[in-house]
file structure39.pdb (PDB, C-alpha atoms, pLDDT in the B column)
ATOM      1  CA  SER A 229     -70.706 -36.020 113.754  1.00 49.00           C
ATOM      2  CA  ALA A 230     -67.743 -37.533 111.910  1.00 46.00           C
ATOM      3  CA  THR A 231     -69.926 -40.418 110.732  1.00 49.00           C
ATOM      4  CA  GLY A 232     -72.148 -38.080 108.742  1.00 50.00           C
ATOM      5  CA  LYS A 233     -75.039 -38.355 111.209  1.00 51.00           C
ATOM      6  CA  LEU A 234     -76.926 -35.299 112.378  1.00 53.00           C
ATOM      7  CA  SER A 235     -75.829 -34.363 115.876  1.00 58.00           C
ATOM      8  CA  VAL A 236     -76.365 -31.802 118.606  1.00 47.00           C
ATOM      9  CA  ARG A 237     -74.079 -30.423 121.276  1.00 49.00           C
ATOM     10  CA  THR A 238     -75.572 -30.596 124.744  1.00 44.00           C
ATOM     11  CA  SER A 239     -75.263 -27.972 127.470  1.00 46.00           C
ATOM     12  CA  ALA A 240     -72.611 -30.196 129.066  1.00 49.00           C
ATOM     13  CA  GLY A 241     -70.496 -29.883 125.910  1.00 55.00           C
ATOM     14  CA  THR A 242     -70.926 -33.455 124.677  1.00 51.00           C
ATOM     15  CA  THR A 243     -72.025 -34.364 121.144  1.00 51.00           C
ATOM     16  CA  VAL A 244     -74.974 -36.696 120.645  1.00 46.00           C
ATOM     17  CA  ASP A 245     -75.993 -38.255 117.333  1.00 52.00           C
ATOM     18  CA  LEU A 246     -79.651 -37.395 116.813  1.00 49.00           C
ATOM     19  CA  GLU A 247     -80.331 -40.757 115.173  1.00 46.00           C
ATOM     20  CA  GLN A 248     -79.419 -42.490 118.421  1.00 41.00           C
ATOM     21  CA  VAL A 249     -81.291 -40.348 120.938  1.00 35.00           C
ATOM     22  CA  GLY A 250     -83.617 -42.503 123.015  1.00 33.00           C
ATOM     23  CA  GLY A 251     -83.628 -45.560 125.195  1.00 33.00           C
ATOM     24  CA  GLY A 252     -80.102 -46.900 125.075  1.00 36.00           C
ATOM     25  CA  GLY A 253     -79.721 -45.948 121.433  1.00 37.00           C
ATOM     26  CA  THR A 254     -82.592 -48.219 120.386  1.00 32.00           C
ATOM     27  CA  THR A 255     -84.992 -45.396 119.510  1.00 35.00           C
ATOM     28  CA  ILE A 256     -84.135 -43.727 116.207  1.00 35.00           C
ATOM     29  CA  PHE A 257     -84.727 -39.979 116.057  1.00 40.00           C
ATOM     30  CA  GLN A 258     -87.265 -38.971 113.423  1.00 41.00           C
ATOM     31  CA  GLY A 259     -85.593 -35.736 112.381  1.00 56.00           C
ATOM     32  CA  PRO A 260     -86.468 -33.262 109.638  1.00 89.00           C
ATOM     33  CA  TYR A 261     -84.187 -34.911 107.066  1.00 95.00           C
ATOM     34  CA  LYS A 262     -84.983 -38.155 105.315  1.00 96.00           C
ATOM     35  CA  TYR A 263     -81.345 -38.582 104.247  1.00 97.00           C
ATOM     36  CA  THR A 264     -77.908 -37.230 105.042  1.00 97.00           C
ATOM     37  CA  VAL A 265     -75.398 -37.354 102.182  1.00 97.00           C
ATOM     38  CA  TYR A 266     -71.704 -37.137 103.034  1.00 97.00           C
ATOM     39  CA  LYS A 267     -68.230 -38.061 101.818  1.00 97.00           C
ATOM     40  CA  ASP A 268     -66.277 -40.826 103.528  1.00 96.00           C
ATOM     41  CA  GLY A 269     -62.807 -41.206 102.047  1.00 96.00           C
ATOM     42  CA  SER A 270     -63.288 -41.764  98.321  1.00 96.00           C
ATOM     43  CA  ASN A 271     -66.910 -42.837  98.757  1.00 98.00           C
ATOM     44  CA  TYR A 272     -70.106 -40.825  98.838  1.00 98.00           C
ATOM     45  CA  LYS A 273     -72.801 -42.181 101.135  1.00 97.00           C
ATOM     46  CA  ALA A 274     -76.498 -41.660 101.782  1.00 97.00           C
ATOM     47  CA  LEU A 275     -77.535 -42.296 105.366  1.00 97.00           C
ATOM     48  CA  ASN A 276     -81.224 -43.064 105.867  1.00 96.00           C
ATOM     49  CA  ASN A 277     -82.074 -41.106 109.003  1.00 95.00           C
ATOM     50  CA  ASP A 278     -85.203 -43.186 109.627  1.00 93.00           C
ATOM     51  CA  THR A 279     -83.323 -46.495 109.801  1.00 94.00           C
ATOM     52  CA  ASN A 280     -79.764 -45.319 110.619  1.00 94.00           C
ATOM     53  CA  VAL A 281     -78.563 -47.433 107.687  1.00 96.00           C
ATOM     54  CA  VAL A 282     -76.433 -46.300 104.735  1.00 97.00           C
ATOM     55  CA  ASP A 283     -78.695 -47.032 101.770  1.00 98.00           C
ATOM     56  CA  SER A 284     -76.282 -46.064  98.989  1.00 98.00           C
ATOM     57  CA  THR A 285     -72.480 -45.961  98.682  1.00 98.00           C
ATOM     58  CA  ASN A 286     -70.498 -45.151  95.557  1.00 98.00           C
ATOM     59  CA  THR A 287     -67.394 -43.318  94.355  1.00 98.00           C
ATOM     60  CA  ASP A 288     -69.632 -41.582  91.809  1.00 97.00           C
ATOM     61  CA  PRO A 289     -71.784 -38.899  93.479  1.00 97.00           C
ATOM     62  CA  LYS A 290     -74.268 -39.083  90.600  1.00 97.00           C
ATOM     63  CA  VAL A 291     -75.250 -42.613  91.673  1.00 98.00           C
ATOM     64  CA  VAL A 292     -75.812 -41.647  95.313  1.00 98.00           C
ATOM     65  CA  PHE A 293     -77.679 -38.407  94.631  1.00 98.00           C
ATOM     66  CA  GLN A 294     -79.924 -40.057  92.036  1.00 98.00           C
ATOM     67  CA  PHE A 295     -80.705 -42.856  94.489  1.00 98.00           C
ATOM     68  CA  VAL A 296     -81.761 -40.325  97.119  1.00 98.00           C
ATOM     69  CA  MET A 297     -83.725 -38.220  94.619  1.00 98.00           C
ATOM     70  CA  ASP A 298     -85.663 -41.295  93.487  1.00 98.00           C
ATOM     71  CA  ALA A 299     -86.218 -42.546  97.045  1.00 98.00           C
ATOM     72  CA  MET A 300     -87.572 -39.212  98.288  1.00 97.00           C
ATOM     73  CA  ASN A 301     -89.872 -38.896  95.285  1.00 97.00           C
ATOM     74  CA  THR A 302     -91.182 -42.444  95.716  1.00 97.00           C
ATOM     75  CA  ALA A 303     -91.842 -41.785  99.412  1.00 96.00           C
ATOM     76  CA  GLY A 304     -93.938 -38.726  98.563  1.00 96.00           C
ATOM     77  CA  GLY A 305     -91.203 -36.192  99.220  1.00 96.00           C
ATOM     78  CA  GLY A 306     -88.572 -35.293 101.760  1.00 96.00           C
ATOM     79  CA  LYS A 307     -85.505 -33.277 102.700  1.00 97.00           C
ATOM     80  CA  THR A 308     -81.851 -34.247 102.369  1.00 97.00           C
ATOM     81  CA  PHE A 309     -79.016 -32.679 104.332  1.00 97.00           C
ATOM     82  CA  VAL A 310     -75.733 -32.468 102.379  1.00 97.00           C
ATOM     83  CA  ARG A 311     -72.582 -32.448 104.505  1.00 97.00           C
ATOM     84  CA  LYS A 312     -69.548 -30.246 103.885  1.00 97.00           C
ATOM     85  CA  ALA A 313     -67.365 -31.759 101.132  1.00 98.00           C
ATOM     86  CA  THR A 314     -66.330 -31.289  97.533  1.00 98.00           C
ATOM     87  CA  TYR A 315     -68.443 -33.646  95.435  1.00 98.00           C
ATOM     88  CA  SER A 316     -66.626 -34.443  92.185  1.00 95.00           C
ATOM     89  CA  GLY A 317     -66.409 -37.172  89.572  1.00 93.00           C
ATOM     90  CA  TRP A 318     -70.050 -36.988  88.421  1.00 93.00           C
ATOM     91  CA  SER A 319     -70.528 -39.474  85.563  1.00 92.00           C
ATOM     92  CA  GLY A 320     -73.762 -37.853  84.427  1.00 91.00           C
ATOM     93  CA  GLN A 321     -76.665 -35.613  85.283  1.00 93.00           C
ATOM     94  CA  VAL A 322     -78.845 -36.166  88.350  1.00 96.00           C
ATOM     95  CA  ASN A 323     -82.441 -35.999  87.131  1.00 96.00           C
ATOM     96  CA  VAL A 324     -84.555 -33.888  89.476  1.00 97.00           C
ATOM     97  CA  LYS A 325     -87.876 -35.161  90.828  1.00 97.00           C
ATOM     98  CA  ASN A 326     -90.968 -33.638  92.438  1.00 97.00           C
ATOM     99  CA  ASP A 327     -91.134 -32.941  96.185  1.00 97.00           C
ATOM    100  CA  CYS A 328     -87.382 -33.172  96.779  1.00 97.00           C
ATOM    101  CA  HIS A 329     -85.546 -30.651  98.940  1.00 97.00           C
ATOM    102  CA  TRP A 330     -81.765 -30.324  99.203  1.00 98.00           C
ATOM    103  CA  ILE A 331     -80.120 -28.317 101.993  1.00 97.00           C
ATOM    104  CA  GLY A 332     -76.351 -27.885 102.219  1.00 97.00           C
ATOM    105  CA  GLU A 333     -74.566 -27.643 105.544  1.00 96.00           C
ATOM    106  CA  ASP A 334     -72.667 -24.519 104.455  1.00 96.00           C
ATOM    107  CA  VAL A 335     -72.698 -22.824 101.064  1.00 97.00           C
ATOM    108  CA  ALA A 336     -68.945 -22.177 101.151  1.00 97.00           C
ATOM    109  CA  SER A 337     -68.088 -25.798 101.934  1.00 97.00           C
ATOM    110  CA  VAL A 338     -70.678 -27.885 100.079  1.00 98.00           C
ATOM    111  CA  ILE A 339     -69.286 -27.829  96.542  1.00 98.00           C
ATOM    112  CA  PHE A 340     -70.619 -29.680  93.516  1.00 97.00           C
ATOM    113  CA  ASP A 341     -67.823 -29.696  90.894  1.00 95.00           C
ATOM    114  CA  GLN A 342     -69.113 -29.985  87.337  1.00 90.00           C
ATOM    115  CA  PRO A 343     -66.835 -32.301  85.339  1.00 83.00           C
ATOM    116  CA  ALA A 344     -64.844 -31.009  82.393  1.00 75.00           C
ATOM    117  CA  SER A 345     -65.546 -34.301  80.608  1.00 73.00           C
ATOM    118  CA  PRO A 346     -68.169 -35.085  79.550  1.00 68.00           C
ATOM    119  CA  SER A 347     -68.637 -31.340  79.145  1.00 69.00           C
ATOM    120  CA  THR A 348     -72.294 -31.447  78.141  1.00 74.00           C
ATOM    121  CA  ILE A 349     -73.985 -32.514  81.358  1.00 81.00           C
ATOM    122  CA  ALA A 350     -75.609 -30.478  84.079  1.00 90.00           C
ATOM    123  CA  ILE A 351     -75.140 -31.542  87.687  1.00 94.00           C
ATOM    124  CA  PHE A 352     -78.874 -31.249  88.431  1.00 95.00           C
ATOM    125  CA  GLY A 353     -81.266 -31.150  85.489  1.00 94.00           C
ATOM    126  CA  MET A 354     -84.242 -32.746  83.754  1.00 92.00           C
ATOM    127  CA  ALA A 355     -84.371 -35.874  81.617  1.00 87.00           C
ATOM    128  CA  SER A 356     -87.240 -34.324  79.636  1.00 85.00           C
ATOM    129  CA  SER A 357     -89.463 -31.250  79.680  1.00 85.00           C
ATOM    130  CA  PHE A 358     -92.143 -31.322  82.362  1.00 90.00           C
ATOM    131  CA  THR A 359     -93.397 -29.117  85.198  1.00 93.00           C
ATOM    132  CA  LEU A 360     -91.297 -29.833  88.288  1.00 95.00           C
ATOM    133  CA  ASN A 361     -93.370 -29.431  91.457  1.00 96.00           C
ATOM    134  CA  ASN A 362     -92.260 -28.462  94.963  1.00 97.00           C
ATOM    135  CA  PHE A 363     -88.482 -28.691  94.581  1.00 97.00           C
ATOM    136  CA  SER A 364     -85.911 -26.666  96.491  1.00 97.00           C
ATOM    137  CA  LEU A 365     -82.175 -26.126  96.640  1.00 97.00           C
ATOM    138  CA  GLU A 366     -80.346 -24.211  99.378  1.00 97.00           C
ATOM    139  CA  HIS A 367     -76.794 -23.478 100.571  1.00 98.00           C
ATOM    140  CA  ILE A 368     -74.888 -25.351  97.826  1.00 98.00           C
ATOM    141  CA  THR A 369     -72.088 -24.152  95.541  1.00 98.00           C
ATOM    142  CA  PHE A 370     -72.161 -25.359  91.938  1.00 96.00           C
ATOM    143  CA  ARG A 371     -68.693 -24.890  90.433  1.00 94.00           C
ATOM    144  CA  SER A 372     -67.407 -25.378  86.904  1.00 91.00           C
ATOM    145  CA  SER A 373     -64.169 -24.701  85.052  1.00 85.00           C
ATOM    146  CA  ASN A 374     -64.820 -24.708  81.314  1.00 73.00           C
ATOM    147  CA  ALA A 375     -67.768 -27.032  80.745  1.00 77.00           C
ATOM    148  CA  THR A 376     -69.943 -25.936  77.812  1.00 78.00           C
ATOM    149  CA  TRP A 377     -73.229 -26.705  79.553  1.00 86.00           C
ATOM    150  CA  PRO A 378     -75.209 -25.057  82.361  1.00 90.00           C
ATOM    151  CA  MET A 379     -74.567 -26.446  85.841  1.00 92.00           C
ATOM    152  CA  PHE A 380     -78.253 -26.479  86.756  1.00 93.00           C
ATOM    153  CA  GLY A 381     -81.396 -26.325  84.652  1.00 93.00           C
ATOM    154  CA  LEU A 382     -85.156 -26.739  84.769  1.00 93.00           C
ATOM    155  CA  ASP A 383     -87.623 -27.029  81.877  1.00 91.00           C
ATOM    156  CA  GLY A 384     -90.754 -25.926  83.701  1.00 93.00           C
ATOM    157  CA  SER A 385     -91.523 -25.578  87.414  1.00 95.00           C
ATOM    158  CA  LEU A 386     -94.308 -24.912  89.909  1.00 96.00           C
ATOM    159  CA  ASP A 387     -93.774 -23.752  93.501  1.00 97.00           C
ATOM    160  CA  CYS A 388     -90.000 -24.265  93.450  1.00 97.00           C
ATOM    161  CA  PHE A 389     -87.357 -22.210  95.175  1.00 94.00           C
ATOM    162  CA  VAL A 390     -83.584 -21.864  94.838  1.00 97.00           C
ATOM    163  CA  HIS A 391     -82.084 -19.762  97.637  1.00 97.00           C
ATOM    164  CA  TYR A 392     -78.631 -18.914  99.018  1.00 98.00           C
ATOM    165  CA  ASN A 393     -76.622 -20.896  96.459  1.00 97.00           C
ATOM    166  CA  ARG A 394     -73.537 -20.055  94.409  1.00 97.00           C
ATOM    167  CA  PHE A 395     -73.073 -20.759  90.709  1.00 95.00           C
ATOM    168  CA  ILE A 396     -69.424 -20.142  89.824  1.00 94.00           C
ATOM    169  CA  ARG A 397     -67.405 -20.753  86.662  1.00 91.00           C
ATOM    170  CA  THR A 398     -63.654 -20.465  87.220  1.00 89.00           C
ATOM    171  CA  GLY A 399     -62.504 -20.875  83.601  1.00 85.00           C
ATOM    172  CA  THR A 400     -63.526 -19.855  80.094  1.00 83.00           C
ATOM    173  CA  PRO A 401     -66.003 -22.031  78.168  1.00 83.00           C
ATOM    174  CA  ALA A 402     -65.216 -22.957  74.558  1.00 82.00           C
ATOM    175  CA  SER A 403     -68.530 -21.432  73.484  1.00 84.00           C
ATOM    176  CA  PRO A 404     -71.162 -19.110  75.038  1.00 87.00           C
ATOM    177  CA  THR A 405     -72.730 -20.993  77.942  1.00 87.00           C
ATOM    178  CA  PHE A 406     -75.289 -20.095  80.622  1.00 89.00           C
ATOM    179  CA  LEU A 407     -74.351 -20.767  84.226  1.00 90.00           C
ATOM    180  CA  LEU A 408     -77.882 -22.063  84.738  1.00 90.00           C
ATOM    181  CA  ILE A 409     -81.103 -22.008  82.783  1.00 91.00           C
ATOM    182  CA  PHE A 410     -84.852 -21.971  83.407  1.00 92.00           C
ATOM    183  CA  SER A 411     -86.041 -23.072  79.982  1.00 89.00           C
ATOM    184  CA  ASP A 412     -89.633 -23.136  78.783  1.00 85.00           C
ATOM    185  CA  GLY A 413     -89.229 -26.532  77.116  1.00 81.00           C
ATOM    186  CA  GLY A 414     -89.565 -25.146  73.600  1.00 81.00           C
ATOM    187  CA  HIS A 415     -92.569 -23.038  74.652  1.00 79.00           C
ATOM    188  CA  THR A 416     -94.386 -26.076  76.067  1.00 85.00           C
ATOM    189  CA  THR A 417     -93.824 -25.411  79.777  1.00 88.00           C
ATOM    190  CA  ARG A 418     -93.455 -22.405  82.075  1.00 93.00           C
ATOM    191  CA  HIS A 419     -92.153 -21.427  85.510  1.00 95.00           C
ATOM    192  CA  THR A 420     -94.895 -20.462  87.973  1.00 96.00           C
ATOM    193  CA  ASN A 421     -94.262 -19.259  91.539  1.00 97.00           C
ATOM    194  CA  LEU A 422     -90.518 -19.735  91.123  1.00 96.00           C
ATOM    195  CA  SER A 423     -88.399 -18.066  93.797  1.00 97.00           C
ATOM    196  CA  PHE A 424     -84.731 -17.613  92.861  1.00 96.00           C
ATOM    197  CA  CYS A 425     -83.266 -15.328  95.528  1.00 97.00           C
ATOM    198  CA  HIS A 426     -80.064 -14.529  97.440  1.00 97.00           C
ATOM    199  CA  ASN A 427     -77.875 -16.464  95.004  1.00 97.00           C
ATOM    200  CA  LEU A 428     -74.461 -15.613  93.559  1.00 96.00           C
ATOM    201  CA  GLU A 429     -73.761 -15.951  89.827  1.00 94.00           C
ATOM    202  CA  GLN A 430     -70.073 -15.450  89.051  1.00 93.00           C
ATOM    203  CA  GLY A 431     -67.623 -16.116  86.226  1.00 90.00           C
ATOM    204  CA  ASN A 432     -67.162 -16.281  82.479  1.00 87.00           C
ATOM    205  CA  THR A 433     -70.049 -17.253  80.214  1.00 87.00           C
ATOM    206  CA  GLY A 434     -68.451 -16.438  76.860  1.00 86.00           C
ATOM    207  CA  ASN A 435     -70.709 -13.344  76.558  1.00 86.00           C
ATOM    208  CA  GLU A 436     -73.822 -15.432  77.191  1.00 87.00           C
ATOM    209  CA  ASP A 437     -76.370 -14.480  79.868  1.00 86.00           C
ATOM    210  CA  MET A 438     -75.565 -15.721  83.357  1.00 87.00           C
ATOM    211  CA  VAL A 439     -79.104 -17.029  83.907  1.00 92.00           C
ATOM    212  CA  GLY A 440     -81.145 -17.891  80.845  1.00 89.00           C
ATOM    213  CA  GLY A 441     -84.779 -18.768  80.527  1.00 89.00           C
ATOM    214  CA  GLY A 442     -88.314 -17.781  79.695  1.00 87.00           C
ATOM    215  CA  GLY A 443     -91.970 -18.561  80.232  1.00 92.00           C
ATOM    216  CA  TYR A 444     -92.219 -16.908  83.654  1.00 94.00           C
ATOM    217  CA  GLU A 445     -95.325 -16.269  85.749  1.00 95.00           C
ATOM    218  CA  ASN A 446     -95.217 -14.810  89.262  1.00 96.00           C
ATOM    219  CA  VAL A 447     -91.466 -15.306  89.763  1.00 95.00           C
ATOM    220  CA  ASP A 448     -89.093 -13.633  92.203  1.00 96.00           C
ATOM    221  CA  PHE A 449     -85.510 -12.943  91.086  1.00 95.00           C
ATOM    222  CA  SER A 450     -84.672 -10.516  93.885  1.00 95.00           C
ATOM    223  CA  HIS A 451     -81.500 -10.125  95.982  1.00 96.00           C
ATOM    224  CA  ASN A 452     -79.130 -11.935  93.624  1.00 95.00           C
ATOM    225  CA  THR A 453     -75.503 -10.950  93.035  1.00 94.00           C
ATOM    226  CA  VAL A 454     -74.135 -11.141  89.490  1.00 91.00           C
ATOM    227  CA  GLN A 455     -70.377 -10.793  88.931  1.00 89.00           C
ATOM    228  CA  SER A 456     -69.179 -10.779  85.333  1.00 82.00           C
ATOM    229  CA  SER A 457     -67.167  -8.407  83.123  1.00 64.00           C
ATOM    230  CA  GLU A 458     -68.640  -9.713  79.872  1.00 72.00           C
ATOM    231  CA  ALA A 459     -71.305  -8.465  77.500  1.00 64.00           C
ATOM    232  CA  GLY A 460     -73.989 -10.960  78.457  1.00 67.00           C
ATOM    233  CA  GLN A 461     -76.887 -10.006  80.736  1.00 73.00           C
ATOM    234  CA  GLY A 462     -77.243 -11.194  84.297  1.00 81.00           C
ATOM    235  CA  PHE A 463     -80.714 -12.526  83.545  1.00 84.00           C
ATOM    236  CA  GLY A 464     -81.867 -13.059  79.991  1.00 68.00           C
TER     237      GLY A 464
END
call {"tool": "encode", "arguments": {"input": "structure39.pdb", "output": "structure tokens"}}
result
Amino acid sequence: SATGKLSVRTSAGTTVDLEQVGGGGTTIFQGPYKYTVYKDGSNYKALNNDTNVVDSTNTDPKVVFQFVMDAMNTAGGGKTFVRKATYSGWSGQVNVKNDCHWIGEDVASVIFDQPASPSTIAIFGMASSFTLNNFSLEHITFRSSNATWPMFGLDGSLDCFVHYNRFIRTGTPASPTFLLIFSDGGHTTRHTNLSFCHNLEQGNTGNEDMVGGGGYENVDFSHNTVQSSEAGQGFG
């Protein structure tokens, strides 16, 4: 619905907020998503679908997304539904956590805009090298103009999947820059059972590879589309 709540359309054509289904709106629907993140004017908000309360509000999406990432991890894991909007003005990187799952409403309309300044931050990344467990990302567009840093990166993973996303650079970076990277943490970590499928990698990398990385074991890089006219590889 317009409030950012998950909703369904009934056979009679009316829209019902799932969080309010039940006896007179007093029973809160326990849906598949722990949180719904959405944009309301200039603010980004995180609605707790268990309590029907907005737990975090800020003009900086980094603050809201980090709050949700931390909350899901502390609770032992969960899924977050990200509403259609362009999310911009990130002040820093959102540090990924174990057991967190992010699902966009529509890959063409859920857009994370990487800031041009500071130009050396990812949107989602790691604070330090470790093995990220049970993390997923689906139906989200990561977009950058000329930032000289990957938009998304992991330094070690286990049982993670990244499906049906778009990683797009619209400008030219000042130096060779991956769109995203699966690093091996200086040969201290590796990526095991990683599934990176049905994604689009598009744009200028300054002759760098589109997707960089190493230390792979039992990974699936199938059904991706790479669009670049440069000398760099699609996957390096």
call {"tool": "closest_residue", "arguments": {"input": "structure39.pdb", "among": "A:Asn276, A:Thr453, A:Gln461, A:Asn446", "to": "A:Gly434", "atoms": "all atoms listed in the file"}}
result
A:Gln461
call {"tool": "resolve_selection", "arguments": {"input": "structure39.pdb", "expression": "the PyMOL selection byres ((chain A and resi 266) around 9)", "output": "list of chain:residue names"}}
result
A:Thr231, A:Gly232, A:Lys233, A:Thr264, A:Val265, A:Lys267, A:Asp268, A:Asn271, A:Tyr272, A:Lys273, A:Ala274, A:Leu275, A:Phe309, A:Val310, A:Arg311, A:Lys312, A:Ala313, A:Tyr315
call {"tool": "resolve_selection", "arguments": {"input": "structure39.pdb", "expression": "the PyMOL selection byres ((chain A and resi 352) around 12)", "output": "number ranges by chain"}}
result
A: 289-290, 293-294, 297, 318, 320-325, 330, 340-342, 349-351, 353-355, 363-365, 368, 370, 377-383, 408-409
call {"tool": "residues_around", "arguments": {"input": "structure39.pdb", "residues": "A:Gly399", "least_positions_apart": "5", "cutoff": "8 Å", "atoms": "all atoms listed in the file", "output": "ChimeraX atom specification"}}
result
/A:372-374,431-432
call {"tool": "closest_residue", "arguments": {"input": "structure39.pdb", "among": "A:Ser456, A:Thr302, A:Ser385, A:Ser270", "to": "A:Asp412", "atoms": "all atoms listed in the file"}}
result
A:Ser385
call {"tool": "closest_residue", "arguments": {"input": "structure39.pdb", "among": "A:Ala303, A:Val296, A:Leu360, A:Ala344", "to": "A:Ala375", "atoms": "all atoms listed in the file"}}
result
A:Ala344
call {"tool": "atom_distance", "arguments": {"input": "structure39.pdb", "atom1": "atom CA of A:Phe295", "atom2": "atom CA of A:Cys328"}}
result
12.0 Å
call {"tool": "atom_distance", "arguments": {"input": "structure39.pdb", "atom1": "atom CA of A:Tyr261", "atom2": "atom CA of A:Gly332"}}
result
11.6 Å
call {"tool": "axis_aligned_box", "arguments": {"input": "structure39.pdb", "around": "stretch 341-346 of chain A", "padding_each_side": "4 Å", "output": "lines of an AutoDock Vina configuration file"}}
result
center_x = -67.0
center_y = -32.4
center_z = 85.2
size_x = 12.3
size_y = 13.4
size_z = 19.3
call {"tool": "atom_distance", "arguments": {"input": "structure39.pdb", "atom1": "atom CA of A:Asp288", "atom2": "atom CA of A:Met438"}}
result
27.8 Å
call {"tool": "resolve_selection", "arguments": {"input": "structure39.pdb", "expression": "the PyMOL selection byres ((chain A and resi 403) around 9)", "output": "NGL selection string"}}
result
:A and (376 or 400-402 or 404-405 or 433-436)
call {"tool": "residues_around", "arguments": {"input": "structure39.pdb", "residues": "A:Asp448", "least_positions_apart": "2", "cutoff": "8 Å", "atoms": "only C-alpha atoms", "output": "list in words"}}
result
Asn421, Leu422, Ser423, Phe424, Cys425, Asn446 and Ser450 of chain A
call {"tool": "closest_residue", "arguments": {"input": "structure39.pdb", "among": "A:Gly306, A:Arg397, A:Gly441, A:Tyr263", "to": "A:Asn280", "atoms": "only C-alpha atoms"}}
result
A:Tyr263
call {"tool": "residues_near_point", "arguments": {"input": "structure39.pdb", "point": "(-74.2, -25.7, 100.3)", "cutoff": "7 Å", "atoms": "all atoms listed in the file", "output": "list in words"}}
result
Ile331, Gly332, Glu333, Asp334, Val335, Ala336, Ser337, Val338, Ile339, Glu366, His367, Ile368, Thr369 and Asn393 of chain A
call {"tool": "closest_residue", "arguments": {"input": "structure39.pdb", "among": "A:Val282, A:Tyr444, A:Thr314, A:Lys262", "to": "A:Met300", "atoms": "only C-alpha atoms"}}
result
A:Lys262
call {"tool": "closest_residue", "arguments": {"input": "structure39.pdb", "among": "A:Gly304, A:Gly317, A:Asn427, A:His419", "to": "A:Asn452", "atoms": "all atoms listed in the file"}}
result
A:Asn427
